[in-house]
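Contents: one structure, followed by commentary.
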Amino acid sequence: MEPPADMVTVVDYGAGNLRSVVNALEALGHPSRVTDDPAALRDAPALILPGVGSFGEGMDRLRAHDLVAALTEEVLGRKKPYLGICLGLQFLATEGEEYGRHAGLGWIPGVTRRIEPGDPSVKVPHIGWNTVDTARPGTLLANLGEPPVFYFVHSYYFEPAPDARDAVSGTCDHGVTMAAVVERDNVFGVQFHPEKSQRAGLRVLENFLRLV
Amino acid sequence: MALKKRLIASLVLRDGVVVRSVEFRHTNVIHASASTAVDFFNRWAIDEIVVLDVSRDQTQRTRFYDVVERLSRKCFVPLTVGGWVTTVEEIRRLLRLGADKVTINTQACRTPAFVSEAARAFGAQCIVGAIDVRRGADGTPGVWADRGAEPTGWRAPEWARELERRGAGEIYLSSIDRDGGKHGYDLDLVRGVAKAVGIPVVAFGGAATFQHFVDGLVQGGADAVAAANMFHFTEQSTRRAKEHLRRCGIDVR
């Protein structure tokens with residue numbers, strides 16, 4: 001049976017908190033399915049890659065499921081909308097530095113590195129609700145009102161290479177100014193958890209779903 | 001720039017139902033269904049929900065899984081789940097059911113390397129070190145395992161530091177003495193632990209007024225304050241608590 005044309009595929013690689021994302025899509029009345037089958041990505045109109053976990057183990061799991069090549073083909077080759085959440089944003093980097101150095105997807109040049117605040121009173125992990133400032137007009141933060149507050153939980157962040165800084169459309173401050181929202185063509189990423197950020201978060205997901 | 005201070009609702013579950021907790025003894029059933037309680041919190045301004053399984057009978061665990069799964073469907077704020085978490089597989093299972101973070105307590109006391117293993121597998125931000133504290137006759141803040149049944153010999157600040165060193169991303173600090181007592185948090189305890197670690201500290205145990213939240217955050221230096229019983233019994237308590245915190249100059253969502 002053909003899936004509905006607007007069916008979003010949530011990619012399962014054994015480490016993400018898929019359920020919350022699926023629940024949020026369900027609350028928005030949007031059909032979704034979860035898969036770890038690289039072949040099933042082919043008929044997906046859009047992809048969401050949620051993430052809880054560490055960079056190296058997450059990338060290993062993507063590779064173990066043969067998902068890296070399939071994702072790259074669908075997103076960079078066939079230009080399907082991709083939304084990476086938390087680790088799913090960090091994977092966009094060329095490499096990550098959590099527990100050693102690991103190759104990332106490399107779709108947007110940059111490095112995923114540990115938050116190292118100059119101020120010792122700023123704690124890591126960055127856990128909690130923080131304000132996101134708009135860096136430039138974009139898709140995901142549209143129609144949110146000022147200033148949106150989202151739930152973050154991470155110790156690492158995506159730092160774009162100097163020639164990729166234009167990809168950042170929203171930032172947050174936690175000792176350092178970090179990319180909170182990344183958008184380039186059909187590739188989107190959010191460092192916060194829209195599925196856990198009540199109304200503001202659901203609005204961000206809606207903005208992404210409009211592309212589907 | 002500031003991270004908002006968090007207000008957390010804790011649900012203590014025994015055999016799948018929400019119970020009241022006083023000094024870690026659990027008797028009265030508050031809500032037969034945990035999802036009723038979450039409906040209640042969702043409408044208001046709660047920032048996070050913590051669900052702890054205190055069942056003694058582990059054959060009841062599937063009921064707990066059902067509750068977590070049902071809660072996560074409605075819970076669009078972070079959901080932290082704990083109680084009897086002893087293996088990496090168990091953590092993976094809870095995350096798959098919809099938990100965002102998992103607390104580790106007794107198993108960390110018995111096998112500290114488990115914390116390192118869990119943090120390596122899921123990232124530090126996913127692993128909450130839960131600490132239950134009972135003060136000794138001389139006031140020493142002793143850490144107890146197995147829901148207050150087993151002394152560990154650790155003092156709370158040192159144990160918190162050890163959990164941090166092993167990769168816990170957050171400390172959920174409970175005072176057994178203050179639990180259900182309505183006299184506010186053990187502020188010396190909270191302050192001692194908050195000073196000892198660089199990771200966020202959640203204070204739990206004893207809050208019965210909105211001012212207790214303010215005290216925990218300002219005097220205790222906690223990053224988040226949690227309460228269980230008071231939210232069940234006070235009308236519109238989360239919204240009013242937020243208003244009070246805001247009036248006291250605390251940056252909340």
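By convention in this document, the chains of the structure tokens carry letters A, B, ... by their order, each chain's residues are numbered from 1, and ligands are numbered from 1 in the order they are shown.
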
Inset, instruction - Enumerate the residues of stretch 9-244 of chain B with a DSSP assignment of strand (DSSP E or B), computed from the backbone, and present them as a VMD selection string. - result: chain B and resid 9 to 14 17 to 22 25 to 31 48 to 53 79 to 82 101 to 104 127 to 135 141 to 145 150 to 155 170 to 175 201 to 204 224 to 227

Write the residues of the preceding selection, restricted to C-alpha atoms, as a compact mmCIF listing (two decimals), in the first residue's frame.
# COMPACT_ATOMS: atom_id res chain seq x y z
CA ALA B 9 6.08 18.41 38.84
CA SER B 10 6.96 14.99 40.21
CA LEU B 11 4.61 12.05 40.04
CA VAL B 12 5.35 9.19 42.41
CA LEU B 13 3.86 5.98 41.07
CA ARG B 14 3.22 2.72 42.83
CA VAL B 17 -1.11 4.82 40.18
CA VAL B 18 -0.02 8.20 41.55
CA VAL B 19 0.54 8.09 45.30
CA ARG B 20 1.34 10.61 47.97
CA SER B 21 4.80 10.45 49.45
CA VAL B 22 5.72 11.31 53.06
CA ARG B 25 6.45 6.06 52.55
CA HIS B 26 3.71 5.92 49.97
CA THR B 27 0.15 5.40 51.00
CA ASN B 28 -2.73 7.44 49.66
CA VAL B 29 -3.65 7.12 46.04
CA ILE B 30 -3.93 10.65 44.62
CA HIS B 31 -4.85 9.99 41.01
CA GLU B 48 9.05 19.43 33.16
CA ILE B 49 7.51 16.25 34.55
CA VAL B 50 9.36 13.62 36.57
CA VAL B 51 7.80 10.20 37.01
CA LEU B 52 9.25 7.79 39.57
CA ASP B 53 8.26 4.18 40.02
CA LEU B 79 9.61 13.81 30.69
CA THR B 80 12.13 12.33 33.12
CA VAL B 81 11.56 8.76 34.21
CA GLY B 82 13.15 6.69 36.95
CA LYS B 101 15.87 11.61 30.56
CA VAL B 102 16.32 8.73 32.96
CA THR B 103 17.24 8.90 36.64
CA ILE B 104 19.73 6.46 38.11
CA ILE B 127 21.42 10.72 32.57
CA VAL B 128 20.14 12.23 35.79
CA GLY B 129 21.88 11.21 38.99
CA ALA B 130 19.20 10.90 41.65
CA ILE B 131 20.38 11.27 45.24
CA ASP B 132 18.27 10.46 48.30
CA VAL B 133 19.55 12.11 51.45
CA ARG B 134 18.82 11.41 55.10
CA ARG B 135 20.63 13.45 57.71
CA PRO B 141 23.79 14.56 54.85
CA GLY B 142 24.11 10.84 54.18
CA VAL B 143 23.23 9.27 50.82
CA TRP B 144 20.85 6.32 50.98
CA ALA B 145 20.07 3.76 48.31
CA GLU B 150 20.37 1.14 52.44
CA PRO B 151 23.09 3.51 53.70
CA THR B 152 25.96 4.10 51.29
CA GLY B 153 28.49 5.89 53.46
CA TRP B 154 28.68 8.79 51.00
CA ARG B 155 27.99 12.41 51.91
CA GLU B 170 22.04 16.67 36.18
CA ILE B 171 21.40 15.96 39.86
CA TYR B 172 17.91 15.28 41.22
CA LEU B 173 18.35 15.85 44.92
CA SER B 174 15.72 14.48 47.31
CA SER B 175 15.60 15.00 51.03
CA VAL B 201 20.72 20.62 40.48
CA VAL B 202 16.99 19.97 40.96
CA ALA B 203 15.74 20.35 44.54
CA PHE B 204 13.00 18.04 45.75
CA ALA B 224 15.13 23.85 39.21
CA VAL B 225 12.62 23.17 41.95
CA ALA B 226 10.35 20.15 42.05
CA ALA B 227 7.29 19.28 44.07

Inset, instruction - Starting from chain B, keep only residues with some atom at most 10 Å from an atom of chain A, counting only C-alpha atoms, and report them as a VMD selection string. - result: chain B and resid 1 to 6 42 45 47 to 48 69 72 to 79 92 94 to 101 118 to 126 168 to 170 195 197 to 200 223 to 224 252 to 253

Could you write those residues out with C-alpha atoms, as an mmCIF file, in the first residue's frame?
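Saved the output as selection.cif:
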data_model
loop_
_atom_site.group_PDB
_atom_site.id
_atom_site.type_symbol
_atom_site.label_atom_id
_atom_site.label_comp_id
_atom_site.auth_asym_id
_atom_site.auth_seq_id
_atom_site.Cartn_x
_atom_site.Cartn_y
_atom_site.Cartn_z
ATOM 1 C CA MET B 1 21.176 35.256 28.077
ATOM 2 C CA ALA B 2 19.694 33.551 31.043
ATOM 3 C CA LEU B 3 18.514 30.012 31.228
ATOM 4 C CA LYS B 4 15.064 30.058 32.789
ATOM 5 C CA LYS B 5 14.640 28.580 36.242
ATOM 6 C CA ARG B 6 12.505 25.450 35.999
ATOM 7 C CA ASN B 42 -0.151 20.495 30.531
ATOM 8 C CA ALA B 45 2.965 26.386 33.087
ATOM 9 C CA ASP B 47 8.334 23.091 32.674
ATOM 10 C CA GLU B 48 9.047 19.427 33.164
ATOM 11 C CA GLU B 69 3.921 5.395 27.210
ATOM 12 C CA SER B 72 4.465 10.699 26.709
ATOM 13 C CA ARG B 73 1.607 10.984 24.225
ATOM 14 C CA LYS B 74 0.313 14.037 26.023
ATOM 15 C CA CYS B 75 3.464 15.453 27.463
ATOM 16 C CA PHE B 76 4.954 18.252 25.349
ATOM 17 C CA VAL B 77 7.438 19.214 28.008
ATOM 18 C CA PRO B 78 10.423 17.083 29.008
ATOM 19 C CA LEU B 79 9.614 13.808 30.692
ATOM 20 C CA ARG B 92 16.893 2.383 26.047
ATOM 21 C CA LEU B 94 12.293 3.934 28.709
ATOM 22 C CA LEU B 95 13.597 6.342 26.072
ATOM 23 C CA ARG B 96 11.716 4.410 23.420
ATOM 24 C CA LEU B 97 8.542 4.666 25.478
ATOM 25 C CA GLY B 98 8.913 8.438 25.339
ATOM 26 C CA ALA B 99 11.167 9.406 28.242
ATOM 27 C CA ASP B 100 13.653 12.197 27.567
ATOM 28 C CA LYS B 101 15.874 11.607 30.564
ATOM 29 C CA ALA B 118 24.976 4.985 30.608
ATOM 30 C CA ALA B 119 26.420 8.438 29.913
ATOM 31 C CA ARG B 120 28.643 7.019 27.208
ATOM 32 C CA ALA B 121 25.721 5.255 25.542
ATOM 33 C CA PHE B 122 23.145 8.057 25.658
ATOM 34 C CA GLY B 123 25.033 11.258 26.377
ATOM 35 C CA ALA B 124 25.429 12.942 29.743
ATOM 36 C CA GLN B 125 22.384 15.149 29.192
ATOM 37 C CA CYS B 126 20.165 12.081 29.249
ATOM 38 C CA ALA B 168 25.656 12.435 35.000
ATOM 39 C CA GLY B 169 24.270 15.554 33.359
ATOM 40 C CA GLU B 170 22.045 16.669 36.180
ATOM 41 C CA LYS B 195 28.213 24.443 45.121
ATOM 42 C CA VAL B 197 29.010 20.438 41.130
ATOM 43 C CA GLY B 198 29.007 22.250 37.819
ATOM 44 C CA ILE B 199 25.882 20.477 36.520
ATOM 45 C CA PRO B 200 22.284 21.593 37.165
ATOM 46 C CA ASP B 223 18.580 25.395 38.914
ATOM 47 C CA ALA B 224 15.131 23.850 39.205
ATOM 48 C CA VAL B 252 10.913 31.780 34.440
ATOM 49 C CA ARG B 253 9.230 30.784 31.216
#

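Nearest-residue note for A:Leu105: choosing from A:Phe208, A:Leu92, A:Val168, A:Leu47, the minimum distance belongs to A:Leu92, counting only C-alpha atoms.
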
Inset, instruction - Might you pull out every residue within 7 Å of B:His212, with only C-alpha atoms counted and same-chain residues fewer than 5 positions away left off, and present them as an NGL selection string? - result: :B and (184-185 or 207)

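Neighbouring residues of A:Leu89 at 8 Å or closer, counting only C-alpha atoms and skipping chain neighbours under 2 positions away, are A:Leu83, A:Gly84, A:Ile85, A:Cys86, A:Leu87, A:Phe91, A:Leu92, A:Ala93, A:Phe158, A:Val182, A:Phe188, A:Gly189, A:Val190, A:Gln191.
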
Same residues, N, CA and C atoms, saved as a CSV table (one decimal), in the first residue's frame:
chain,number,residue,atom,x,y,z
A,83,LEU,N,14.7,17.6,8.6
A,83,LEU,CA,14.7,18.3,9.9
A,83,LEU,C,15.5,17.5,10.9
A,84,GLY,N,16.7,18.0,11.3
A,84,GLY,CA,17.5,17.3,12.3
A,84,GLY,C,17.2,18.0,13.6
A,85,ILE,N,16.9,17.2,14.7
A,85,ILE,CA,16.6,17.7,16.0
A,85,ILE,C,17.7,17.3,16.9
A,86,CYS,N,18.3,18.3,17.6
A,86,CYS,CA,19.4,18.1,18.5
A,86,CYS,C,20.6,17.4,17.9
A,87,LEU,N,20.8,16.1,18.2
A,87,LEU,CA,21.9,15.4,17.6
A,87,LEU,C,21.7,15.3,16.1
A,91,PHE,N,24.7,16.2,13.6
A,91,PHE,CA,25.2,15.3,12.6
A,91,PHE,C,25.6,16.0,11.3
A,92,LEU,N,25.0,17.2,11.1
A,92,LEU,CA,25.2,17.9,9.8
A,92,LEU,C,26.7,18.3,9.7
A,93,ALA,N,27.4,18.4,10.8
A,93,ALA,CA,28.7,18.9,10.8
A,93,ALA,C,29.7,17.9,10.0
A,158,PHE,N,26.6,22.8,17.3
A,158,PHE,CA,27.1,22.8,15.9
A,158,PHE,C,27.7,24.2,15.6
A,182,VAL,N,19.4,26.1,12.1
A,182,VAL,CA,20.2,26.1,10.9
A,182,VAL,C,19.3,25.8,9.7
A,188,PHE,N,17.3,21.5,7.3
A,188,PHE,CA,17.0,22.2,8.5
A,188,PHE,C,17.5,21.5,9.8
A,189,GLY,N,17.8,22.3,10.8
A,189,GLY,CA,18.2,21.7,12.0
A,189,GLY,C,17.9,22.6,13.2
A,190,VAL,N,17.4,22.0,14.3
A,190,VAL,CA,17.2,22.8,15.5
A,190,VAL,C,17.9,22.1,16.7
A,191,GLN,N,18.6,22.9,17.5
A,191,GLN,CA,19.3,22.4,18.6
A,191,GLN,C,18.4,22.1,19.8

Inset, instruction - Would you please give, as number ranges by chain, all residues of stretch 14-102 of chain A that DSSP assigns to helix (DSSP H, G or I) based on the backbone? - result: A: 18-27, 38-41, 55-64, 67-77, 87-90

Selection file, N, CA and C atoms, as a CSV table (one decimal), in the first residue's frame:
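Result file is part-v9.csv:
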chain,number,residue,atom,x,y,z
A,18,LEU,N,12.2,8.9,19.6
A,18,LEU,CA,11.3,9.0,18.5
A,18,LEU,C,9.9,9.2,18.9
A,19,ARG,N,9.5,8.6,20.0
A,19,ARG,CA,8.2,8.7,20.4
A,19,ARG,C,7.6,10.1,20.6
A,20,SER,N,8.4,10.9,21.2
A,20,SER,CA,8.0,12.3,21.5
A,20,SER,C,7.7,13.0,20.2
A,21,VAL,N,8.6,12.8,19.2
A,21,VAL,CA,8.4,13.5,17.9
A,21,VAL,C,7.2,13.0,17.2
A,22,VAL,N,7.0,11.7,17.3
A,22,VAL,CA,5.8,11.1,16.6
A,22,VAL,C,4.5,11.6,17.4
A,23,ASN,N,4.6,11.7,18.7
A,23,ASN,CA,3.4,12.2,19.4
A,23,ASN,C,3.1,13.6,19.1
A,24,ALA,N,4.2,14.4,18.9
A,24,ALA,CA,4.0,15.8,18.5
A,24,ALA,C,3.3,15.9,17.1
A,25,LEU,N,3.8,15.1,16.2
A,25,LEU,CA,3.3,15.1,14.8
A,25,LEU,C,1.8,14.7,14.9
A,26,GLU,N,1.5,13.7,15.7
A,26,GLU,CA,0.2,13.2,15.9
A,26,GLU,C,-0.7,14.3,16.4
A,27,ALA,N,-0.2,15.1,17.4
A,27,ALA,CA,-1.0,16.2,18.0
A,27,ALA,C,-1.3,17.2,17.0
A,38,PRO,N,16.7,1.7,5.2
A,38,PRO,CA,17.2,2.7,4.2
A,38,PRO,C,16.4,2.7,2.9
A,39,ALA,N,15.8,1.6,2.5
A,39,ALA,CA,15.1,1.5,1.3
A,39,ALA,C,13.8,2.3,1.5
A,40,ALA,N,13.2,2.3,2.7
A,40,ALA,CA,12.0,3.0,2.9
A,40,ALA,C,12.1,4.5,2.9
A,41,LEU,N,13.3,5.0,2.9
A,41,LEU,CA,13.5,6.5,2.8
A,41,LEU,C,13.1,7.0,1.4
A,55,PHE,N,27.5,11.8,19.9
A,55,PHE,CA,27.7,11.9,18.5
A,55,PHE,C,28.3,10.6,17.8
A,56,GLY,N,29.4,10.1,18.4
A,56,GLY,CA,30.1,9.0,17.9
A,56,GLY,C,29.2,7.8,17.8
A,57,GLU,N,28.5,7.5,18.9
A,57,GLU,CA,27.7,6.3,18.9
A,57,GLU,C,26.5,6.5,18.0
A,58,GLY,N,25.9,7.7,17.9
A,58,GLY,CA,24.8,7.9,17.0
A,58,GLY,C,25.2,7.7,15.5
A,59,MET,N,26.4,8.3,15.1
A,59,MET,CA,26.9,8.1,13.8
A,59,MET,C,27.1,6.6,13.5
A,60,ASP,N,27.7,5.9,14.5
A,60,ASP,CA,28.0,4.5,14.3
A,60,ASP,C,26.7,3.7,14.0
A,61,ARG,N,25.6,4.2,14.8
A,61,ARG,CA,24.3,3.5,14.6
A,61,ARG,C,23.7,3.8,13.2
A,62,LEU,N,23.9,5.0,12.8
A,62,LEU,CA,23.4,5.4,11.4
A,62,LEU,C,24.1,4.5,10.4
A,63,ARG,N,25.4,4.4,10.6
A,63,ARG,CA,26.2,3.5,9.6
A,63,ARG,C,25.8,2.1,9.7
A,64,ALA,N,25.6,1.6,10.9
A,64,ALA,CA,25.3,0.2,11.1
A,64,ALA,C,23.9,-0.1,10.4
A,67,LEU,N,22.3,3.8,6.9
A,67,LEU,CA,21.4,5.0,6.7
A,67,LEU,C,22.1,6.2,6.1
A,68,VAL,N,23.5,6.3,6.3
A,68,VAL,CA,24.2,7.5,5.9
A,68,VAL,C,24.1,7.7,4.4
A,69,ALA,N,24.3,6.7,3.6
A,69,ALA,CA,24.3,6.9,2.1
A,69,ALA,C,22.8,7.2,1.7
A,70,ALA,N,21.9,6.5,2.3
A,70,ALA,CA,20.5,6.6,1.9
A,70,ALA,C,20.0,8.0,2.2
A,71,LEU,N,20.3,8.5,3.4
A,71,LEU,CA,19.9,9.9,3.8
A,71,LEU,C,20.6,10.9,2.9
A,72,THR,N,21.8,10.7,2.6
A,72,THR,CA,22.5,11.7,1.7
A,72,THR,C,21.9,11.7,0.4
A,73,GLU,N,21.6,10.6,-0.2
A,73,GLU,CA,20.9,10.5,-1.5
A,73,GLU,C,19.6,11.2,-1.5
A,74,GLU,N,18.8,11.0,-0.5
A,74,GLU,CA,17.4,11.6,-0.4
A,74,GLU,C,17.5,13.1,-0.2
A,75,VAL,N,18.4,13.5,0.7
A,75,VAL,CA,18.4,14.9,1.1
A,75,VAL,C,19.2,15.8,0.2
A,76,LEU,N,20.5,15.4,-0.1
A,76,LEU,CA,21.3,16.2,-0.9
A,76,LEU,C,21.0,15.9,-2.4
A,77,GLY,N,20.8,14.6,-2.7
A,77,GLY,CA,20.5,14.2,-4.1
A,77,GLY,C,19.1,14.6,-4.6
A,87,LEU,N,20.8,16.1,18.2
A,87,LEU,CA,21.9,15.4,17.6
A,87,LEU,C,21.7,15.3,16.1
A,88,GLY,N,20.4,15.4,15.6
A,88,GLY,CA,20.2,15.4,14.2
A,88,GLY,C,20.6,16.7,13.5
A,89,LEU,N,20.7,17.7,14.2
A,89,LEU,CA,21.4,19.0,13.8
A,89,LEU,C,22.9,18.8,13.8
A,90,GLN,N,23.4,18.3,14.9
A,90,GLN,CA,24.8,18.2,15.1
A,90,GLN,C,25.5,17.2,14.1

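Each of B:Glu117, B:Leu71, B:Thr238, B:Thr62 was checked against B:Thr86 using only C-alpha atoms; the smallest atom-to-atom distance is that of B:Glu117.
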
Legend entry - Spatial neighbours of A:Val10, max dist 7 Å, only C-alpha atoms, sep filter under 3 positions, as a PyMOL selection string: chain A and resi 32-35+47-49

Legend entry - Point-to-point distance from atom CA of B:Pro157 to atom CA of A:Arg114, Å rounded to tenths: 25.1 Å

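Within the 12 Å cut-off around B:Asp215, using only C-alpha atoms and omitting residues fewer than 4 positions from it on the same chain, the listed residues are His183, Gly184, Tyr185, Asp186, Leu187, Asp188, Val190, Arg191, Ala203, Gly206, Ala207, Ala208, Thr209, Phe210, Gln211, Gln219, Gly220, Gly221, Ala222, Asp223, Ala224, Val225, His244, Leu245, Cys248 and Ile250 of chain B.
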
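Here atom CA of A:Val212 and atom CA of A:Leu141 stand 16.6 Å from one another.
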
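We find atom CA of B:Ala194 and atom CA of B:Thr106 to be spaced 20.8 Å apart.
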